[in-house]
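Undergrad: Sharing entry_19.pdb here; it has PDB, C-alpha atoms.
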```pdb
ATOM      1  CA  MET A   1    -172.509   2.758 -68.723
ATOM      2  CA  GLY A   2    -171.741  -0.094 -71.098
ATOM      3  CA  ALA A   3    -173.601  -3.378 -71.019
ATOM      4  CA  LEU A   4    -172.059  -6.367 -69.323
ATOM      5  CA  PRO A   5    -170.610  -8.955 -71.750
ATOM      6  CA  PHE A   6    -173.460 -11.427 -71.628
ATOM      7  CA  PHE A   7    -177.124 -11.385 -72.510
ATOM      8  CA  PHE A   8    -180.485 -13.017 -71.990
ATOM      9  CA  PRO A   9    -182.706 -13.944 -74.939
ATOM     10  CA  THR A  10    -185.225 -11.161 -75.563
ATOM     11  CA  LEU A  11    -186.858 -12.269 -78.817
ATOM     12  CA  VAL A  12    -190.012 -13.400 -77.024
ATOM     13  CA  ARG A  13    -193.275 -11.690 -76.292
ATOM     14  CA  PRO A  14    -193.577 -10.304 -72.761
ATOM     15  CA  SER A  15    -196.364 -12.748 -71.907
ATOM     16  CA  ALA A  16    -194.222 -15.692 -72.982
ATOM     17  CA  ALA A  17    -191.272 -14.335 -71.002
ATOM     18  CA  LEU A  18    -193.439 -14.035 -67.916
ATOM     19  CA  VAL A  19    -194.722 -17.598 -68.282
ATOM     20  CA  ARG A  20    -191.215 -18.936 -68.769
ATOM     21  CA  SER A  21    -189.924 -16.952 -65.798
ATOM     22  CA  THR A  22    -192.751 -18.224 -63.603
ATOM     23  CA  VAL A  23    -192.063 -21.830 -64.572
ATOM     24  CA  TRP A  24    -188.392 -21.370 -63.723
ATOM     25  CA  GLU A  25    -189.327 -19.768 -60.411
ATOM     26  CA  LEU A  26    -191.438 -22.810 -59.498
ATOM     27  CA  LEU A  27    -188.651 -25.216 -60.477
ATOM     28  CA  ILE A  28    -186.097 -23.227 -58.514
ATOM     29  CA  LEU A  29    -188.435 -23.102 -55.531
ATOM     30  CA  ALA A  30    -188.852 -26.889 -55.623
ATOM     31  CA  GLY A  31    -185.102 -27.409 -55.765
ATOM     32  CA  HIS A  32    -184.481 -24.888 -53.023
ATOM     33  CA  LEU A  33    -186.993 -26.573 -50.729
ATOM     34  CA  LEU A  34    -184.932 -29.749 -51.074
ATOM     35  CA  LEU A  35    -181.721 -27.888 -50.213
ATOM     36  CA  TYR A  36    -183.230 -25.710 -47.486
ATOM     37  CA  PRO A  37    -182.562 -28.158 -44.593
ATOM     38  CA  THR A  38    -178.845 -28.193 -45.459
ATOM     39  CA  GLY A  39    -178.583 -24.493 -44.630
ATOM     40  CA  LEU A  40    -180.531 -24.361 -41.388
ATOM     41  CA  THR A  41    -177.478 -24.385 -39.152
ATOM     42  CA  GLN A  42    -174.991 -21.545 -38.975
ATOM     43  CA  GLU A  43    -171.932 -22.039 -41.144
ATOM     44  CA  ARG A  44    -168.908 -23.435 -39.331
ATOM     45  CA  ARG A  45    -166.198 -20.811 -39.125
ATOM     46  CA  PRO A  46    -162.870 -21.874 -40.610
ATOM     47  CA  PRO A  47    -159.689 -21.534 -38.542
ATOM     48  CA  PRO A  48    -157.589 -18.372 -38.909
ATOM     49  CA  LEU A  49    -155.257 -18.253 -41.860
ATOM     50  CA  PRO A  50    -151.681 -19.377 -41.057
ATOM     51  CA  VAL A  51    -149.096 -16.658 -40.595
ATOM     52  CA  PRO A  52    -146.864 -16.639 -43.701
ATOM     53  CA  THR A  53    -143.226 -17.491 -43.145
ATOM     54  CA  ALA A  54    -140.262 -16.188 -45.075
ATOM     55  CA  PRO A  55    -139.224 -18.501 -47.946
ATOM     56  CA  PRO A  56    -135.749 -20.031 -47.849
ATOM     57  CA  PRO A  57    -133.055 -18.159 -49.830
ATOM     58  CA  PRO A  58    -132.690 -19.339 -53.439
ATOM     59  CA  ALA A  59    -129.802 -21.590 -54.359
ATOM     60  CA  THR A  60    -126.811 -19.735 -55.790
ATOM     61  CA  THR A  61    -126.211 -22.303 -58.530
ATOM     62  CA  ALA A  62    -129.502 -21.780 -60.333
ATOM     63  CA  SER A  63    -131.811 -18.878 -60.996
ATOM     64  CA  PRO A  64    -135.137 -19.297 -59.222
ATOM     65  CA  VAL A  65    -138.257 -19.390 -61.348
ATOM     66  CA  ALA A  66    -141.047 -17.312 -59.835
ATOM     67  CA  ALA A  67    -144.334 -19.133 -59.514
ATOM     68  CA  PRO A  68    -147.317 -17.365 -61.114
ATOM     69  CA  ALA A  69    -149.124 -15.234 -58.566
ATOM     70  CA  GLU A  70    -152.614 -16.385 -57.667
ATOM     71  CA  PRO A  71    -155.358 -13.793 -58.059
ATOM     72  CA  HIS A  72    -156.206 -12.131 -54.764
ATOM     73  CA  HIS A  73    -159.761 -11.251 -53.866
ATOM     74  CA  PRO A  74    -161.149  -9.808 -50.635
ATOM     75  CA  PRO A  75    -163.352 -12.142 -48.604
ATOM     76  CA  VAL A  76    -166.961 -12.343 -49.788
ATOM     77  CA  LEU A  77    -169.920 -12.636 -47.417
ATOM     78  CA  LEU A  78    -173.256 -13.925 -48.760
ATOM     79  CA  LEU A  79    -176.446 -12.733 -47.050
ATOM     80  CA  HIS A  80    -179.791 -14.413 -47.790
ATOM     81  CA  GLY A  81    -183.315 -12.981 -47.996
ATOM     82  CA  PHE A  82    -186.426 -13.137 -45.828
ATOM     83  CA  ILE A  83    -187.235 -16.580 -44.262
ATOM     84  CA  ASP A  84    -184.409 -18.108 -46.273
ATOM     85  CA  ASN A  85    -180.956 -19.406 -45.348
ATOM     86  CA  ARG A  86    -177.470 -19.836 -46.750
ATOM     87  CA  SER A  87    -178.488 -22.802 -48.931
ATOM     88  CA  VAL A  88    -179.773 -20.345 -51.554
ATOM     89  CA  PHE A  89    -176.150 -19.530 -52.426
ATOM     90  CA  VAL A  90    -174.919 -23.056 -53.208
ATOM     91  CA  LEU A  91    -174.397 -22.332 -56.920
ATOM     92  CA  LEU A  92    -173.059 -18.799 -56.485
ATOM     93  CA  ARG A  93    -170.573 -19.931 -53.853
ATOM     94  CA  ARG A  94    -169.387 -22.708 -56.170
ATOM     95  CA  SER A  95    -169.020 -20.226 -59.029
ATOM     96  CA  LEU A  96    -166.952 -17.822 -56.941
ATOM     97  CA  ARG A  97    -164.680 -20.559 -55.611
ATOM     98  CA  ARG A  98    -164.158 -21.999 -59.074
ATOM     99  CA  HIS A  99    -163.007 -18.597 -60.326
ATOM    100  CA  GLY A 100    -160.481 -17.852 -57.597
ATOM    101  CA  TRP A 101    -162.360 -16.633 -54.527
ATOM    102  CA  SER A 102    -160.937 -18.719 -51.714
ATOM    103  CA  GLN A 103    -162.661 -16.921 -48.839
ATOM    104  CA  VAL A 104    -166.438 -17.107 -49.274
ATOM    105  CA  SER A 105    -168.740 -17.358 -46.260
ATOM    106  CA  SER A 106    -172.439 -17.024 -45.406
ATOM    107  CA  LEU A 107    -174.403 -15.681 -42.481
ATOM    108  CA  ASN A 108    -177.811 -16.923 -41.352
ATOM    109  CA  TYR A 109    -179.894 -14.355 -39.512
ATOM    110  CA  SER A 110    -182.875 -15.601 -37.524
ATOM    111  CA  PRO A 111    -186.389 -15.332 -39.017
ATOM    112  CA  LEU A 112    -187.423 -14.357 -35.487
ATOM    113  CA  THR A 113    -185.435 -11.125 -35.822
ATOM    114  CA  GLY A 114    -187.910  -8.296 -35.368
ATOM    115  CA  ASP A 115    -185.785  -5.340 -36.380
ATOM    116  CA  LEU A 116    -183.641  -4.861 -39.472
ATOM    117  CA  ARG A 117    -181.369  -2.575 -37.488
ATOM    118  CA  THR A 118    -180.622  -5.391 -35.037
ATOM    119  CA  ALA A 119    -179.790  -7.723 -37.917
ATOM    120  CA  ALA A 120    -177.456  -5.051 -39.337
ATOM    121  CA  ALA A 121    -175.641  -4.753 -36.006
ATOM    122  CA  VAL A 122    -175.217  -8.547 -35.835
ATOM    123  CA  LEU A 123    -173.884  -8.429 -39.381
ATOM    124  CA  GLY A 124    -171.316  -5.866 -38.277
ATOM    125  CA  GLY A 125    -169.997  -8.163 -35.560
ATOM    126  CA  HIS A 126    -169.724 -11.027 -38.047
ATOM    127  CA  ILE A 127    -167.786  -8.822 -40.467
ATOM    128  CA  GLU A 128    -165.361  -7.820 -37.727
ATOM    129  CA  GLU A 129    -164.758 -11.522 -37.078
ATOM    130  CA  ILE A 130    -164.091 -12.158 -40.778
ATOM    131  CA  CYS A 131    -161.662  -9.244 -41.030
ATOM    132  CA  GLY A 132    -159.799 -10.401 -37.935
ATOM    133  CA  ARG A 133    -159.637 -14.006 -39.076
ATOM    134  CA  THR A 134    -158.499 -13.220 -42.634
ATOM    135  CA  ASP A 135    -156.292 -10.230 -41.771
ATOM    136  CA  GLN A 136    -158.209  -8.079 -44.270
ATOM    137  CA  GLU A 137    -159.360  -4.492 -43.781
ATOM    138  CA  ARG A 138    -162.430  -4.716 -46.037
ATOM    139  CA  ILE A 139    -164.680  -7.355 -47.538
ATOM    140  CA  ASP A 140    -167.303  -7.618 -50.275
ATOM    141  CA  ILE A 141    -170.943  -8.550 -49.657
ATOM    142  CA  VAL A 142    -173.574 -10.105 -51.919
ATOM    143  CA  GLY A 143    -177.083  -9.740 -50.498
ATOM    144  CA  HIS A 144    -180.289 -11.229 -51.900
ATOM    145  CA  SER A 145    -183.561  -9.370 -51.296
ATOM    146  CA  LEU A 146    -183.820  -8.455 -47.577
ATOM    147  CA  GLY A 147    -180.177  -9.469 -47.106
ATOM    148  CA  GLY A 148    -179.128  -6.624 -49.389
ATOM    149  CA  LEU A 149    -181.196  -4.148 -47.383
ATOM    150  CA  ILE A 150    -179.667  -5.311 -44.093
ATOM    151  CA  ALA A 151    -176.187  -4.934 -45.569
ATOM    152  CA  ARG A 152    -176.988  -1.495 -46.963
ATOM    153  CA  TYR A 153    -178.269  -0.329 -43.569
ATOM    154  CA  TYR A 154    -175.044  -1.521 -41.941
ATOM    155  CA  VAL A 155    -172.932   0.244 -44.567
ATOM    156  CA  GLN A 156    -174.889   3.486 -44.767
ATOM    157  CA  ARG A 157    -176.180   3.971 -41.213
ATOM    158  CA  LEU A 158    -173.783   2.060 -38.945
ATOM    159  CA  GLY A 159    -170.453   3.128 -40.447
ATOM    160  CA  GLY A 160    -169.912  -0.172 -42.235
ATOM    161  CA  ASP A 161    -168.440   1.503 -45.307
ATOM    162  CA  THR A 162    -165.078   1.316 -43.556
ATOM    163  CA  ARG A 163    -165.344  -2.478 -43.723
ATOM    164  CA  VAL A 164    -167.294  -3.100 -46.949
ATOM    165  CA  ARG A 165    -165.563  -2.365 -50.237
ATOM    166  CA  THR A 166    -168.383  -3.449 -52.559
ATOM    167  CA  LEU A 167    -172.013  -4.331 -51.850
ATOM    168  CA  VAL A 168    -173.862  -6.262 -54.548
ATOM    169  CA  THR A 169    -177.640  -6.491 -54.102
ATOM    170  CA  LEU A 170    -179.943  -8.896 -55.926
ATOM    171  CA  GLY A 171    -183.616  -7.949 -56.025
ATOM    172  CA  THR A 172    -183.414  -5.757 -52.914
ATOM    173  CA  PRO A 173    -186.301  -3.361 -52.092
ATOM    174  CA  HIS A 174    -184.181  -0.236 -51.763
ATOM    175  CA  ARG A 175    -187.233   2.019 -51.901
ATOM    176  CA  GLY A 176    -189.628  -0.516 -50.385
ATOM    177  CA  THR A 177    -192.011  -3.015 -51.974
ATOM    178  CA  THR A 178    -195.806  -3.107 -51.833
ATOM    179  CA  VAL A 179    -196.121  -6.842 -52.517
ATOM    180  CA  ALA A 180    -198.045  -9.181 -50.166
ATOM    181  CA  PRO A 181    -199.695  -6.721 -47.746
ATOM    182  CA  LEU A 182    -200.985  -9.648 -45.685
ATOM    183  CA  MET A 183    -197.400 -10.554 -44.757
ATOM    184  CA  SER A 184    -196.951  -7.197 -43.064
ATOM    185  CA  ALA A 185    -197.757  -8.844 -39.741
ATOM    186  CA  HIS A 186    -194.036  -9.663 -39.604
ATOM    187  CA  PRO A 187    -192.017  -6.627 -38.441
ATOM    188  CA  LEU A 188    -189.252  -7.217 -40.983
ATOM    189  CA  VAL A 189    -191.793  -7.145 -43.810
ATOM    190  CA  ARG A 190    -193.228  -3.878 -42.459
ATOM    191  CA  GLN A 191    -189.714  -2.430 -42.548
ATOM    192  CA  MET A 192    -189.550  -3.274 -46.264
ATOM    193  CA  ARG A 193    -192.662  -1.214 -47.038
ATOM    194  CA  PRO A 194    -192.135   2.066 -48.930
ATOM    195  CA  ASP A 195    -193.409   4.153 -45.992
ATOM    196  CA  SER A 196    -191.290   2.472 -43.301
ATOM    197  CA  PRO A 197    -188.870   4.421 -41.073
ATOM    198  CA  VAL A 198    -186.015   2.193 -42.285
ATOM    199  CA  ILE A 199    -186.596   3.139 -45.925
ATOM    200  CA  ALA A 200    -186.800   6.785 -44.840
ATOM    201  CA  GLU A 201    -183.456   6.469 -43.029
ATOM    202  CA  LEU A 202    -181.805   5.057 -46.140
ATOM    203  CA  SER A 203    -183.021   8.030 -48.178
ATOM    204  CA  ARG A 204    -181.182  10.476 -45.914
ATOM    205  CA  PRO A 205    -177.907  12.096 -47.037
ATOM    206  CA  ALA A 206    -174.794   9.916 -46.923
ATOM    207  CA  PRO A 207    -172.097  12.172 -48.389
ATOM    208  CA  ASP A 208    -169.068  10.302 -47.056
ATOM    209  CA  CYS A 209    -170.104   6.700 -47.728
ATOM    210  CA  GLY A 210    -167.059   4.893 -49.119
ATOM    211  CA  THR A 211    -168.702   1.668 -50.335
ATOM    212  CA  HIS A 212    -169.414   1.013 -54.006
ATOM    213  CA  PHE A 213    -172.869  -0.448 -54.744
ATOM    214  CA  ILE A 214    -174.039  -2.655 -57.623
ATOM    215  CA  ALA A 215    -177.783  -3.348 -57.711
ATOM    216  CA  PHE A 216    -179.160  -6.102 -59.957
ATOM    217  CA  TRP A 217    -182.866  -5.556 -60.656
ATOM    218  CA  SER A 218    -185.159  -7.615 -62.872
ATOM    219  CA  ASP A 219    -188.056  -6.544 -65.073
ATOM    220  CA  LEU A 220    -189.876  -9.771 -64.121
ATOM    221  CA  ASP A 221    -189.280  -9.691 -60.359
ATOM    222  CA  GLN A 222    -192.785 -10.184 -58.969
ATOM    223  CA  ILE A 223    -191.636  -9.622 -55.370
ATOM    224  CA  MET A 224    -190.345  -6.131 -56.095
ATOM    225  CA  VAL A 225    -193.386  -3.896 -56.691
ATOM    226  CA  PRO A 226    -192.638  -1.756 -58.585
ATOM    227  CA  VAL A 227    -189.656  -3.540 -60.119
ATOM    228  CA  ALA A 228    -187.552  -0.359 -60.174
ATOM    229  CA  THR A 229    -187.562  -0.321 -56.373
ATOM    230  CA  ALA A 230    -184.606  -2.723 -56.589
ATOM    231  CA  ARG A 231    -182.505   0.081 -58.092
ATOM    232  CA  ILE A 232    -180.302   2.327 -55.971
ATOM    233  CA  ASP A 233    -180.987   5.945 -56.892
ATOM    234  CA  HIS A 234    -179.349   7.907 -54.101
ATOM    235  CA  PRO A 235    -177.413  11.088 -54.985
ATOM    236  CA  ASP A 236    -174.665  10.474 -52.414
ATOM    237  CA  LEU A 237    -173.926   6.822 -53.157
ATOM    238  CA  SER A 238    -171.531   5.464 -55.761
ATOM    239  CA  ALA A 239    -173.993   3.022 -57.319
ATOM    240  CA  ARG A 240    -174.407   1.119 -60.578
ATOM    241  CA  ASN A 241    -177.746  -0.430 -61.514
ATOM    242  CA  VAL A 242    -177.778  -3.558 -63.666
ATOM    243  CA  ARG A 243    -181.072  -4.352 -65.364
ATOM    244  CA  VAL A 244    -181.847  -8.057 -65.829
ATOM    245  CA  SER A 245    -184.421  -9.303 -68.341
ATOM    246  CA  GLY A 246    -186.510 -12.444 -68.067
ATOM    247  CA  VAL A 247    -185.366 -13.563 -64.595
ATOM    248  CA  GLY A 248    -187.603 -13.866 -61.531
ATOM    249  CA  HIS A 249    -186.813 -13.072 -57.915
ATOM    250  CA  LEU A 250    -185.776 -16.566 -56.832
ATOM    251  CA  ALA A 251    -183.559 -17.043 -59.881
ATOM    252  CA  LEU A 252    -181.360 -14.026 -59.162
ATOM    253  CA  PRO A 253    -178.908 -15.840 -56.814
ATOM    254  CA  VAL A 254    -178.670 -18.955 -59.002
ATOM    255  CA  HIS A 255    -178.548 -17.744 -62.613
ATOM    256  CA  TRP A 256    -175.217 -18.346 -64.354
ATOM    257  CA  ALA A 257    -175.155 -14.982 -66.154
ATOM    258  CA  ILE A 258    -175.849 -13.037 -62.971
ATOM    259  CA  ALA A 259    -173.060 -14.985 -61.256
ATOM    260  CA  ALA A 260    -170.769 -13.856 -64.085
ATOM    261  CA  GLY A 261    -171.929 -10.283 -63.569
ATOM    262  CA  ILE A 262    -171.224 -10.510 -59.847
ATOM    263  CA  ARG A 263    -167.718 -11.795 -60.508
ATOM    264  CA  GLN A 264    -167.146  -8.964 -62.958
ATOM    265  CA  ALA A 265    -168.420  -6.413 -60.451
ATOM    266  CA  LEU A 266    -166.177  -7.712 -57.689
ATOM    267  CA  THR A 267    -163.081  -7.588 -59.890
ATOM    268  CA  ALA A 268    -163.720  -4.181 -61.434
ATOM    269  CA  GLU A 269    -160.557  -2.075 -61.328
ATOM    270  CA  GLU A 270    -162.265   1.297 -61.369
ATOM    271  CA  ALA A 271    -165.007   2.567 -59.088
ATOM    272  CA  VAL A 272    -168.000   3.958 -60.924
ATOM    273  CA  ALA A 273    -168.077   7.685 -60.289
ATOM    274  CA  ASP A 274    -171.580   8.342 -61.636
ATOM    275  CA  ALA A 275    -174.040   7.566 -58.816
ATOM    276  CA  THR A 276    -176.877   7.317 -61.339
ATOM    277  CA  GLY A 277    -175.018   5.198 -63.880
ATOM    278  CA  THR A 278    -176.915   2.283 -65.408
ATOM    279  CA  SER A 279    -175.771  -0.934 -67.056
ATOM    280  CA  SER A 280    -178.026  -3.484 -68.685
ATOM    281  CA  VAL A 281    -178.333  -7.232 -68.940
ATOM    282  CA  ALA A 282    -180.820  -7.813 -71.721
TER     283      ALA A 282
END
```
Will you turn the file into structure tokens for me?
TA:
Amino acid sequence: MGALPFFFPTLVRPSAALVRSTVWELLILAGHLLLYPTGLTQERRPPPLPVPTAPPPPATTASPVAAPAEPHHPPVLLLHGFIDNRSVFVLLRRSLRRHGWSQVSSLNYSPLTGDLRTAAAVLGGHIEEICGRTDQERIDIVGHSLGGLIARYYVQRLGGDTRVRTLVTLGTPHRGTTVAPLMSAHPLVRQMRPDSPVIAELSRPAPDCGTHFIAFWSDLDQIMVPVATARIDHPDLSARNVRVSGVGHLALPVHWAIAAGIRQALTAEEAVADATGTSSVA
């Protein structure tokens, strides 16, 4: 696979890159803590789209000039990570809207949720509501960290591939992460461990899955241990892995270049046929 048309500076020693990434992570964390209260409540659902009416017939005395068609994109649903909320997507949502995505929404799932499967089922009901409200058959999803795993479970295990055209994951533990063993007291964290039944379910065959996956994974993601766990390497899934250099876990949903990569992924005209294909952001 070819590289995406943007890059991160790489002419630094790994230790310097790690220090810089850590500083950025702390700054992003501070900013996100300020924004966090704004995303505590569930997003207000917009009213259904108006039913289009037939335009009046053109005048016979002059030739009508067709207005340029606006780009059409499926609705996009943003799904946050563990103990987070929709406020993490403020910049990504703004980027999508500025580039023509008119239907972008978020879903908060409760930190009290004890089972990823339950969260995936709730996600399915929310997607049905979006499809009904927007009169669309399928949508796209962008999931950060645990949000990407919930979305993948819905797509792969609950038949959600009929509703999800493209799933983009950002720093998602597709094969489980071994970070922070002390946090395993929370059932959702235990389900993100490499030996969890959920991870085992996602490794099972899925020969008819119709969703296309794009997984962004970073070489400096200190939440994904090992970092390659954020890749999707499943023989039955149409998946493309995008390697990111010099970006930490918290920066994935807010970095401008990753936002550009997400927009490119969502507007791709051809599905990637190679399930093990790899692109790079370096």
Undergrad: What lies within 8 Å of A:Ala206 using all atoms listed in the file, ignoring chain neighbours under 5 positions off, as a list of chain:residue names?
TA: A:Gln156, A:Asp236, A:Leu237
Undergrad: My list of candidates is A:Gln191, A:Ser106, A:Thr267, A:Ser87. Which is closest to A:Leu149 when distances are computed with all atoms listed in the file?
TA: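 Of all the options, A:Gln191 lies closest to A:Leu149.
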Undergrad: Go through A:Pro74, A:Gly143, A:Pro205, A:Gly261 one by one, measure the shortest atom-to-atom distance of each to A:Leu167 using only C-alpha atoms, and give the residue with the smallest value.
TA: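 Among the listed residues, the smallest separation from A:Leu167 belongs to A:Gly143.
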Undergrad: Using only C-alpha atoms, list the residues that have an atom at most 7 Å from (-187.4, -7.2, -48.6), coordinates as in the file, as an NGL selection string.
TA: :A and (82 or 145-146 or 172-173 or 189 or 192)
Undergrad: So that I can check the surroundings of A:His73, please list as a ChimeraX atom specification every protein, DNA and RNA residue that reaches within 9 Å of it, counting all atoms listed in the file and ignoring chain neighbours fewer than 5 positions away.
TA: /A:100-103,139,266-267
Undergrad: Give the answer as one residue: which of A:Leu78, A:Ala16, A:Ala239, A:Leu27 has the shortest atom-to-atom distance to A:Tyr109, using all atoms listed in the file?
TA: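 Nearest candidate to A:Tyr109 out of A:Leu78, A:Ala16, A:Ala239, A:Leu27: A:Leu78.
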Undergrad: Rank A:Val254, A:Leu170, A:Leu26, A:Ala268 by their smallest atom-to-atom distance to A:Thr229, using all atoms listed in the file, and report the top residue only.
TA: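 Once distances to A:Thr229 are computed over all atoms listed in the file, the minimum belongs to A:Leu170.
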Undergrad: Point out the residue among A:Arg133, A:Val76, A:Leu202, A:Leu188 with the least atom-to-atom distance to A:Leu96, counting all atoms listed in the file.
TA: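 The answer is A:Val76, which sits nearest to A:Leu96.
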Undergrad: Show which residues sit within 7 Å of A:Arg165, as a list of chain:residue names. Count all atoms listed in the file, and ignore same-chain residues fewer than 2 positions away.
TA: A:Arg138, A:Ile139, A:Asp140, A:Asp161, A:Arg163, A:Leu167, A:Thr211, A:His212
Undergrad: The PyMOL selection byres ((chain A and resi 234) around 12) on the file shown: which residues, as a PyMOL selection string?
TA: chain A and resi 156+174-175+199-207+209+213+215+229+231-233+235-241+274-277
Undergrad: Give the answer as one residue: which of A:His126, A:Leu77, A:Ser245, A:Leu92 has the shortest atom-to-atom distance to A:Val104, using all atoms listed in the file?
TA: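 That would be A:Leu77, the residue with the smallest distance to A:Val104.
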Undergrad: Where does the PyMOL selection byres ((chain A and resi 124) around 10) land in this file, that is, which residues does it pick, as number ranges by chain?
TA: A: 118-123, 125-130, 151, 154-155, 158-160, 163-164
Undergrad: Please compute the atom CA of A:Trp217-atom CA of A:Phe89 distance, one decimal, in Å.
TA: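 Between atom CA of A:Trp217 and atom CA of A:Phe89 the gap works out to 17.6 Å.
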Undergrad: What separation in Å, quoted to one decimal, exists between atom CA of A:Asp219 and atom CA of A:Asn108?
TA: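 Taking atom CA of A:Asp219 as the start and atom CA of A:Asn108 as the end point, the length is 27.8 Å.
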Undergrad: Using all atoms listed in the file, which protein or nucleic acid residues come within 7 Å of A:Thr169? Drop anything in the same chain fewer than 4 positions from it, and give the result as a list in words.
TA: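 Those residues are Val142, Gly143, His144, Gly148, Ile214, Ala215 and Phe216 of chain A.
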Undergrad: Tell me which residues the PyMOL selection byres ((chain A and resi 190) around 12) grabs here, as a list in words.
TA: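 Selection result, ordered by chain and number: Phe82, Gly114, Asp115, Leu116, Leu146, Pro173, Gly176, Thr177, Thr178, Val179, Ala180, Pro181, Leu182, Met183, Ser184, Ala185, His186, Pro187, Leu188, Val189, Gln191, Met192, Arg193, Pro194, Asp195, Ser196, Pro197, Val198 and Ile199 of chain A.
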Undergrad: May I ask for the distance between atom CA of A:Gly147 and atom CA of A:Leu79, given in Å to one decimal place?
TA: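 According to the coordinates, atom CA of A:Gly147 and atom CA of A:Leu79 are separated by 5.0 Å.
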Undergrad: With all atoms listed in the file as the counted atoms, please give the residues lying no more than 10 Å from A:Trp24, apart from itself and same-chain residues fewer than 6 positions off, as an mmCIF file with C-alpha atoms, in the coordinates of the input.
TA:
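Okay, this is what ended up in result.cif:
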```cif
data_model
loop_
_atom_site.group_PDB
_atom_site.id
_atom_site.type_symbol
_atom_site.label_atom_id
_atom_site.label_comp_id
_atom_site.auth_asym_id
_atom_site.auth_seq_id
_atom_site.Cartn_x
_atom_site.Cartn_y
_atom_site.Cartn_z
ATOM 1 C CA LEU A 18 -193.439 -14.035 -67.916
ATOM 2 C CA ALA A 30 -188.852 -26.889 -55.623
ATOM 3 C CA VAL A 247 -185.366 -13.563 -64.595
ATOM 4 C CA GLY A 248 -187.603 -13.866 -61.531
ATOM 5 C CA LEU A 250 -185.776 -16.566 -56.832
ATOM 6 C CA ALA A 251 -183.559 -17.043 -59.881
#
```
